[in-house]
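A short write-up of the structure that comes next.
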Amino acid sequence: MRGFILLKPEAIQRNLVGKIVCFIEEKGLKIIGLKMITATKYQIRQLYEEHKHSSHYDDLINLCSNGPAVAVAIESPLGIDSAELLKDLQGRHDVAGTIRFYFSSHPSRGVLHCSSPGEGIRESAIFFTESEINNYHKVLDDWIISNHYIPPSYNSEKPKNSESTINKRFEGSKADLFLNPLNY
């Protein structure tokens with residue numbers, strides 16, 4: 001399933017685009033659309049329509065439309081809802097291993113927006129046409145299994161050191177590479 005990420009203007013101003021894209025890719029998420037934009041207030045209102053009655057709505061609209069931003073459409077391996085993974089990845093400012101922990105300058109100022117479960121297609125359509133979405137197969141996806149989705153019987157036998165799980169063959173699967181959980 002598709003997910004959507006908007007790197008807000010603050011991420012561009014602070015030279016964080018490459019670092020955040022690396023962070024996303026290192027978690028095993030596949031980028032299927034990527035472009036720099038200057039979002040209109042109309043687009044940002046569509047993106048944040050569920051917050052329109054919030055007291056910080058106008059500030060959010062202005063913050064996200066006050067300069068260049070980067071729109072990213074993503075998919076996750078194994079048919080997992082990428083929005084579920086994105087929420088873990090975005091995280092809270094006080095949880096180590098999340099984008100907000102590493103890159104946000106203040107708890108109330110996230111440097112990115114991540115789609116909620118079930119919203120990735122709607123949100124990516126605000127910024128991408130279908131012809132701008134690149135549906136392709138990554139061979140690496142055939143060889144990845146996430147620790148989140150390993151059957152309980154295997155979890156109990158799995159070595160505690162996550163590095164030792166690399167290149168260990170998962171019985172009954174082609175998986176040779178294990179992704180670390182998104183929360184460290």
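Residues are named by chain letter and number: chains run A, B, ... in the order of the structure tokens, numbers start at 1 in each chain, and ligands are numbered from 1 in the order shown.
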Check: Any idea what's packed within 12 Å of A:Ala125, counting only C-alpha atoms, ignoring anything in its chain fewer than 2 positions away? Could you give it as number ranges by chain?
Finding: A: 2-5, 33, 43, 46-47, 71-73, 115, 119-123, 127-133
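Near A:Val21, within a cut-off of 12 Å and counting only C-alpha atoms, sit the residues Ile5, Leu6, Leu7, Ala11, Ile12, Asn15, Leu16, Val17, Gly18, Ile24, Glu25, Glu26, Lys27, Gly28, Leu29, Lys30, Ile31, Gly33, Leu34, Lys35, Val70, Ala71, Val72, Ala73, Ile74, Leu89, Ile99 and Leu112 of chain A, with same-chain residues fewer than 3 positions away left out.
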Would you save the residues of that selection, restricted to C-alpha atoms, as a PDB file, in the first residue's frame?
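Wrote it out as again.pdb, contents follow:
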ATOM      1  CA  ILE A   5       5.601  11.916   3.124  1.00  0.00           C
ATOM      2  CA  LEU A   6       5.945  15.680   2.810  1.00  0.00           C
ATOM      3  CA  LEU A   7       9.305  17.087   3.846  1.00  0.00           C
ATOM      4  CA  ALA A  11      13.671  20.322   6.233  1.00  0.00           C
ATOM      5  CA  ILE A  12      14.848  22.009   3.021  1.00  0.00           C
ATOM      6  CA  ASN A  15      19.627  20.697   4.537  1.00  0.00           C
ATOM      7  CA  LEU A  16      17.900  17.561   5.842  1.00  0.00           C
ATOM      8  CA  VAL A  17      16.415  16.170   2.614  1.00  0.00           C
ATOM      9  CA  GLY A  18      19.211  13.706   1.853  1.00  0.00           C
ATOM     10  CA  ILE A  24      13.530   6.245   4.846  1.00  0.00           C
ATOM     11  CA  GLU A  25      15.417   3.970   2.439  1.00  0.00           C
ATOM     12  CA  GLU A  26      17.456   2.366   5.208  1.00  0.00           C
ATOM     13  CA  LYS A  27      14.174   1.270   6.786  1.00  0.00           C
ATOM     14  CA  GLY A  28      13.357  -0.685   3.622  1.00  0.00           C
ATOM     15  CA  LEU A  29      10.709   1.652   2.228  1.00  0.00           C
ATOM     16  CA  LYS A  30      10.629   1.968  -1.569  1.00  0.00           C
ATOM     17  CA  ILE A  31      10.402   5.458  -3.074  1.00  0.00           C
ATOM     18  CA  GLY A  33       7.626   9.231  -6.391  1.00  0.00           C
ATOM     19  CA  LEU A  34       9.905  12.110  -5.402  1.00  0.00           C
ATOM     20  CA  LYS A  35       9.801  15.774  -6.336  1.00  0.00           C
ATOM     21  CA  VAL A  70       9.697  17.659  -1.053  1.00  0.00           C
ATOM     22  CA  ALA A  71       6.841  15.262  -1.784  1.00  0.00           C
ATOM     23  CA  VAL A  72       7.639  11.554  -1.477  1.00  0.00           C
ATOM     24  CA  ALA A  73       5.349   8.654  -2.376  1.00  0.00           C
ATOM     25  CA  ILE A  74       6.495   5.342  -0.907  1.00  0.00           C
ATOM     26  CA  LEU A  89       9.280   6.128  11.489  1.00  0.00           C
ATOM     27  CA  ILE A  99      12.813  11.147  12.376  1.00  0.00           C
ATOM     28  CA  LEU A 112       7.774  16.178   7.832  1.00  0.00           C
TER      29      LEU A 112
END
Check: A:Asp59: which residues within 12 Å, counting only C-alpha atoms, same-chain residues fewer than 3 positions away excluded, as a PyMOL selection string?
Finding: chain A and resi 41+44-45+48+51-52+54-56+62-66+108-109
Margin query: As an exercise, work out the distance from atom CA of A:His137 to atom CA of A:Pro77 in Å and give it to one decimal place.
Written below: 9.8 Å
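Going from atom CA of A:Arg14 over to atom CA of A:Gly110, you cover 12.4 Å.
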Checklist line | Using only C-alpha atoms: which of A:Val139, A:Ile20, A:Ile126, A:Val111 has the shortest distance to A:Thr40 | finding: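 So, comparing all the options, the nearest one is A:Ile126.
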Note to self: Between atom CA of A:Asn134 and atom CA of A:Met36, what distance in Å does the model show, to one decimal?
What the structure shows: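 Atom CA of A:Met36 lies at a distance of 16.0 Å from atom CA of A:Asn134.
With distances restricted to only C-alpha atoms, A:Ala69 is the closest residue to A:His113 from A:Glu75, A:Ala69, A:Lys19, A:Asp58.
Distances here use only C-alpha atoms; by that measure, the residue among A:Phe23, A:Ser104, A:Ile32, A:Thr38 closest to A:Ser76 is A:Ile32.
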